[in-house]
Every structure is written in structure tokens, then in C-alpha cells.
>>> print(open('input07.txt').read())   # compact mmCIF, C-alpha atoms
# COMPACT_ATOMS: atom_id res chain seq x y z
CA SER A 1 77.57 109.49 105.60
CA VAL A 2 80.08 108.26 108.17
CA PRO A 3 78.98 105.14 110.06
CA GLU A 4 78.92 105.22 113.84
CA ALA A 5 82.09 104.02 115.50
CA THR A 6 82.11 100.40 116.52
CA GLY A 7 84.69 98.08 118.00
CA SER A 8 85.67 94.58 118.97
CA VAL A 9 88.31 92.99 121.17
CA ALA A 10 90.75 90.51 119.64
CA ASP A 11 94.20 89.00 120.06
CA LEU A 12 95.86 90.33 116.92
CA SER A 13 98.74 87.89 117.27
CA ASP A 14 96.29 85.08 116.48
CA ASP A 15 95.31 84.27 112.88
CA ALA A 16 91.67 83.42 113.50
CA ALA A 17 91.05 86.20 116.01
CA THR A 18 92.51 88.81 113.65
CA ALA A 19 90.32 87.59 110.79
CA ALA A 20 87.26 87.67 113.04
CA ALA A 21 88.00 91.25 114.09
CA PHE A 22 88.23 92.34 110.46
CA ASP A 23 85.02 90.42 109.68
CA ALA A 24 83.26 92.42 112.38
CA ALA A 25 84.66 95.71 111.09
CA GLU A 26 83.60 94.90 107.54
CA ARG A 27 80.08 94.00 108.64
CA ALA A 28 79.79 97.29 110.51
CA MET A 29 81.44 99.66 108.04
CA GLY A 30 82.02 97.89 104.76
CA LEU A 31 85.39 97.13 103.23
CA PRO A 32 87.92 99.48 104.86
CA ASP A 33 90.04 101.76 102.72
CA GLY A 34 92.32 102.76 105.59
CA LEU A 35 94.22 100.95 108.33
CA VAL A 36 96.20 102.26 111.29
CA ALA A 37 97.96 99.28 112.86
CA VAL A 38 98.69 100.58 116.34
CA ALA A 39 98.59 97.41 118.47
CA GLY A 40 101.77 96.85 120.48
CA GLY A 41 103.55 97.88 123.64
CA SER A 42 106.40 97.34 126.03
CA ALA A 43 107.54 93.76 126.52
CA ARG A 44 109.65 94.39 129.62
CA ARG A 45 107.29 92.19 131.61
CA PHE A 46 108.16 89.33 129.25
CA GLY A 47 111.89 89.81 129.70
CA ASP A 48 112.79 92.33 127.01
CA GLY A 49 116.00 94.18 127.79
CA PRO A 50 119.63 94.26 126.68
CA VAL A 51 120.47 91.63 124.12
CA ASP A 52 123.05 89.98 126.39
CA ALA A 53 120.22 89.07 128.77
CA LEU A 54 117.49 88.11 126.27
CA THR A 55 115.87 84.69 126.16
CA ALA A 56 114.17 83.10 123.20
CA ASP A 57 110.85 83.31 125.06
CA ALA A 58 111.29 87.04 125.60
CA VAL A 59 112.06 87.62 121.92
CA ARG A 60 109.05 85.57 120.80
CA ALA A 61 106.74 87.38 123.22
CA THR A 62 107.99 90.75 121.99
CA ALA A 63 107.50 89.64 118.39
CA ASP A 64 103.93 88.56 119.09
CA LEU A 65 103.15 91.86 120.79
CA ASP A 66 104.82 94.29 118.42
CA LEU A 67 105.45 92.66 115.04
CA VAL A 68 103.00 89.80 114.51
CA THR A 69 100.04 92.02 115.46
CA THR A 70 101.07 94.56 112.84
CA LEU A 71 101.72 92.07 110.06
CA LEU A 72 98.48 90.17 110.60
CA ALA A 73 96.47 93.39 110.55
CA LEU A 74 98.20 94.42 107.32
CA ARG A 75 97.56 90.95 105.90
CA GLU A 76 93.83 91.21 106.49
CA PHE A 77 93.66 94.72 105.10
CA THR A 78 95.50 93.94 101.87
CA ALA A 79 94.07 90.46 101.31
CA ARG A 80 90.49 91.64 101.63
CA ARG A 81 90.98 94.51 99.21
CA ILE A 82 92.63 92.20 96.69
CA ALA A 83 89.90 89.56 97.04
CA ALA A 84 87.23 92.21 96.49
CA ALA A 85 89.12 93.79 93.58
CA ALA A 86 88.59 97.06 95.42
CA PRO A 87 89.47 100.23 93.54
CA ALA A 88 92.29 102.56 94.60
CA PRO A 89 93.13 104.43 96.71
CA ALA A 90 93.72 102.73 100.04
CA ALA A 91 96.27 103.38 102.78
CA ALA A 92 97.88 101.51 105.65
CA VAL A 93 99.81 103.25 108.41
CA LEU A 94 102.01 101.18 110.72
CA ILE A 95 103.48 102.38 114.02
CA GLY A 96 107.23 102.34 114.50
CA SER A 97 109.35 104.09 117.12
CA VAL A 98 111.96 106.83 117.11
CA LEU A 99 113.51 105.14 120.13
CA ALA A 100 114.24 102.10 117.99
CA ARG A 101 115.65 104.21 115.15
CA ARG A 102 117.73 106.56 117.31
CA PRO A 103 118.69 104.83 120.58
CA ALA A 104 119.10 106.48 123.98
CA SER A 105 121.12 103.97 125.97
CA PRO A 106 121.26 103.38 128.91
CA LEU A 107 117.87 104.93 129.69
CA PHE A 108 115.98 102.83 127.14
CA VAL A 109 117.36 99.32 126.72
CA THR A 110 114.76 97.06 125.11
CA HIS A 111 116.59 95.49 122.22
CA ALA A 112 113.89 93.04 121.17
CA TYR A 113 111.41 95.93 120.93
CA ALA A 114 113.91 97.84 118.76
CA ALA A 115 114.26 94.82 116.50
CA MET A 116 110.51 94.47 116.04
CA LYS A 117 110.03 98.15 115.27
CA ALA A 118 112.86 97.94 112.73
CA GLY A 119 111.07 94.93 111.27
CA ILE A 120 107.91 96.99 110.88
CA GLU A 121 109.82 99.56 108.81
CA GLY A 122 111.27 96.83 106.60
CA ALA A 123 107.88 95.26 106.09
CA ALA A 124 106.30 98.61 105.26
CA ARG A 125 108.87 99.43 102.61
CA SER A 126 108.60 95.99 100.99
CA ALA A 127 104.81 96.04 101.11
CA ALA A 128 104.73 99.58 99.72
CA ALA A 129 106.62 98.41 96.66
CA HIS A 130 104.52 95.28 96.26
CA TYR A 131 101.11 96.94 96.48
CA ALA A 132 101.82 100.26 94.76
CA ASP A 133 100.34 99.09 91.47
CA ARG A 134 97.12 98.24 93.33
CA GLY A 135 96.86 101.78 94.70
CA ILE A 136 97.63 100.77 98.29
CA THR A 137 100.12 102.92 100.18
CA VAL A 138 102.00 101.64 103.23
CA ASN A 139 103.81 104.06 105.53
CA VAL A 140 105.13 104.24 109.08
CA VAL A 141 104.68 106.84 111.80
CA ALA A 142 107.53 106.68 114.31
CA PRO A 143 106.64 108.54 117.51
CA GLY A 144 109.08 109.69 120.13
CA LEU A 145 108.30 109.44 123.82
CA THR A 146 104.55 109.95 123.89
CA ARG A 147 102.23 110.72 126.77
CA THR A 148 100.49 107.33 126.86
CA PRO A 149 99.99 104.63 129.50
CA MET A 150 102.90 102.70 127.96
CA ALA A 151 105.21 105.61 128.81
CA ARG A 152 103.97 106.02 132.39
CA ARG A 153 107.23 104.60 133.80
CA ALA A 154 109.21 107.17 131.84
CA GLN A 155 106.91 110.02 132.83
CA GLU A 156 107.25 109.15 136.53
CA ASP A 157 111.04 108.82 136.43
CA PRO A 158 112.71 112.22 137.13
CA GLU A 159 115.88 111.32 135.21
CA VAL A 160 113.97 110.15 132.15
CA SER A 161 111.60 113.11 132.26
CA ALA A 162 114.52 115.53 132.36
CA TYR A 163 116.13 113.73 129.44
CA ALA A 164 112.84 113.85 127.50
CA ARG A 165 112.56 117.60 127.99
CA ARG A 166 116.08 118.06 126.59
CA ARG A 167 115.67 115.64 123.69
CA GLN A 168 112.08 116.56 122.77
CA PRO A 169 111.83 120.31 123.44
CA LEU A 170 108.92 120.74 121.04
CA ALA A 171 106.81 118.30 123.07
CA PRO A 172 105.04 119.87 126.08
CA GLY A 173 106.73 118.57 129.23
CA GLY A 174 109.02 116.43 127.07
CA PHE A 175 106.35 113.97 125.93
CA VAL A 176 104.63 114.06 122.54
CA ASP A 177 100.88 114.66 122.58
CA PRO A 178 99.09 111.56 121.19
CA ALA A 179 96.97 113.91 119.07
CA ASP A 180 100.08 114.87 117.10
CA VAL A 181 100.72 111.20 116.32
CA ALA A 182 97.07 110.78 115.30
CA ASP A 183 97.32 113.83 113.01
CA ALA A 184 100.29 112.30 111.21
CA CYS A 185 98.42 109.03 110.75
CA ALA A 186 95.38 110.85 109.42
CA TRP A 187 97.51 112.80 106.94
CA LEU A 188 99.16 109.64 105.63
CA LEU A 189 95.76 108.00 105.18
CA GLY A 190 94.95 110.69 102.66
CA ALA A 191 98.38 111.22 101.10
CA GLY A 192 97.93 109.10 98.00
CA ALA A 193 101.33 109.89 96.47
CA VAL A 194 103.34 109.01 99.61
CA THR A 195 104.38 105.40 100.25
CA GLY A 196 107.21 103.48 101.86
CA GLN A 197 108.08 106.41 104.12
CA VAL A 198 108.78 106.83 107.83
CA ILE A 199 107.43 110.02 109.42
CA GLU A 200 109.01 110.83 112.79
CA VAL A 201 106.73 112.61 115.26
CA ASP A 202 109.27 113.17 117.97
CA GLY A 203 109.33 116.70 119.34
CA GLY A 204 112.87 117.12 118.06
CA TRP A 205 114.35 113.79 119.20
CA GLY A 206 115.77 112.92 115.79
CA VAL A 207 117.67 116.16 115.28
CA LEU A 208 118.94 116.62 118.83
CA GLY A 209 121.59 114.22 120.06
CA GLY A 210 121.54 112.67 123.52
>>> encode(input="input07.txt", output="C-alpha cells")
Amino acid sequence: SVPEATGSVADLSDDAATAAAFDAAERAMGLPDGLVAVAGGSARRFGDGPVDALTADAVRATADLDLVTTLLALREFTARRIAAAAPAPAAAVLIGSVLARRPASPLFVTHAYAAMKAGIEGAARSAAAHYADRGITVNVVAPGLTRTPMARRAQEDPEVSAYARRRQPLAPGGFVDPADVADACAWLLGAGAVTGQVIEVDGGWGVLGG
């Protein structure tokens, strides 16, 4: 039987808080065999922007929000399975970004964010190789512009919305449905022979130039 959904609130950029969140999940559902590390967001409010205007504080804040959260979640997932000598299979899915892989300057200029999302891809590939013999897959889903609260600024900007409709014609109104991203994550959780890969869910962004 599937246990009822539960939840907890934690700062996943903090070691102890991340461990506590995974403790709570394990008490509620047992040792997890799947992880979707989705925590992150825009760091514009912290000063993210073009690299010529970045400060060290802005870069660190973006790293905490978008990279540290992902790596600490992956740490807890893998460490707990190793400590428990848990049998295969198990799967981790990390969230990247098509915007970081295939830029659209000058409409989207958040270079620290791009660096962190690139870091997630590098970490996923390295971790995929390291944990393959333990039956743990690690993959990345890289969404395009998606209809989420994070993309509200883009959705409300006529110029950006028009660009999105041209660049992502397969996405209704130019913005990817979050359900399509969730479907890709769900597929990767069950795709035991797929690891170290980046799946772009982008409505056509990657094959249509700016």
C-alpha cells in the first residue's frame, strides 16, 4: 500500500535541517527509493544578473538556493541507502534548466543561476558514475520556461511572453505545463537503465533558435 502523503518544512541549504527533513520522511514512509530534488528558484532578489555586475554575496546566495539545496538532498538520499545497505533499484532526479543550457540573452541574464544549474548537471553525471554499481541512477530534468510562480515575471512581460510563444511553440501559451515536467521526473524514477542523462522538457526551446 502507498502511505499517505506527508511533509515538513526545512532549509535545505543547512546540513542539520536537511538531515532532519529526511529523518521525518523516513519515519513517515520508510527509506525512500526515489528522490526529486526540486528546491531552488530565482536569485534576482539577491543580486543575480550579468556576471560583470555580480558580487560574491550574490553568487553565494544563488549557490545556497540552487546548488547547495540539491547536493544536500542528494547526499541524504545516497548516504542513507548506503548506510542501510538498501537493495537496488533507486533513483534520484535533479532539476536543471534549459535556460542555463541554451541562453536567451538579453531577456534572461542571471549568470550565477546558469552556473549553478550547470553545476547540477556536472554533479549528476559524476554521481551517476559513482553510484551505478549500487543500483542508484541520477538524472536531470531541464525544463524550459514553465508556468510556475517563479516565472510570473516572464508571464506578465509582453515581450518575454511573445518570445516564449516563438521559442516554445509546443507549450500552451509559450509556457510549459508543470505536469509535463512532473511526468518526466516520474518516468526517470522508474527508468532503471537510464543514468547520467539530461532530459529537456522545453516545448521546443532546444531545437528552435532565438
>>> closest_atom_pairs(input="input07.txt", of="region 159-205 of chain A", to="region 26-48 of chain A", cutoff="10 Å", atoms="all atoms listed in the file", output="CSV")
residue,atom,partner,partner_atom,distance
A:Ala182,CA,A:Val36,CA,9.5
A:Cys185,CA,A:Val36,CA,7.1
A:Ala186,CA,A:Val36,CA,8.8
A:Leu188,CA,A:Gly34,CA,9.7
A:Leu189,CA,A:Gly34,CA,6.3
A:Gly190,CA,A:Gly34,CA,8.9
>>> closest_residue(input="input07.txt", among="A:Ala20, A:Val98, A:Val138, A:Ala154", to="Gly204 (chain A)", atoms="only C-alpha atoms")
A:Val98
>>> atom_distance(input="input07.txt", atom1="CA of Leu170 (chain A)", atom2="CA of Ala124 (chain A)")
27.3 Å
>>> closest_residue(input="input07.txt", among="A:Ser13, A:Ser126, A:Thr110, A:Ser8", to="Thr70 (chain A)", atoms="all atoms listed in the file")
A:Ser13
>>> residues_around(input="input07.txt", residues="Ala17 (chain A)", least_positions_apart="4", cutoff="12 Å", atoms="all atoms listed in the file", output="ChimeraX atom specification")
/A:8-13,21-24,69,72-73,76
>>> closest_residue(input="input07.txt", among="A:Glu4, A:Asp177, A:Glu200, A:Glu159", to="Arg147 (chain A)", atoms="all atoms listed in the file")
A:Asp177
>>> atom_distance(input="input07.txt", atom1="CA of Leu94 (chain A)", atom2="CA of Gly119 (chain A)")
11.0 Å
>>> atom_distance(input="input07.txt", atom1="CA of Ile199 (chain A)", atom2="CA of Leu54 (chain A)")
29.4 Å
>>> closest_residue(input="input07.txt", among="A:Ala104, A:Asp66, A:Tyr131, A:Pro172", to="Arg81 (chain A)", atoms="only C-alpha atoms")
A:Tyr131
>>> closest_residue(input="input07.txt", among="A:Gly135, A:Pro89, A:Gly144, A:Pro50", to="His111 (chain A)", atoms="all atoms listed in the file")
A:Pro50
>>> closest_residue(input="input07.txt", among="A:Ala171, A:Ala179, A:Val201, A:Ala164", to="Leu107 (chain A)", atoms="all atoms listed in the file")
A:Ala164
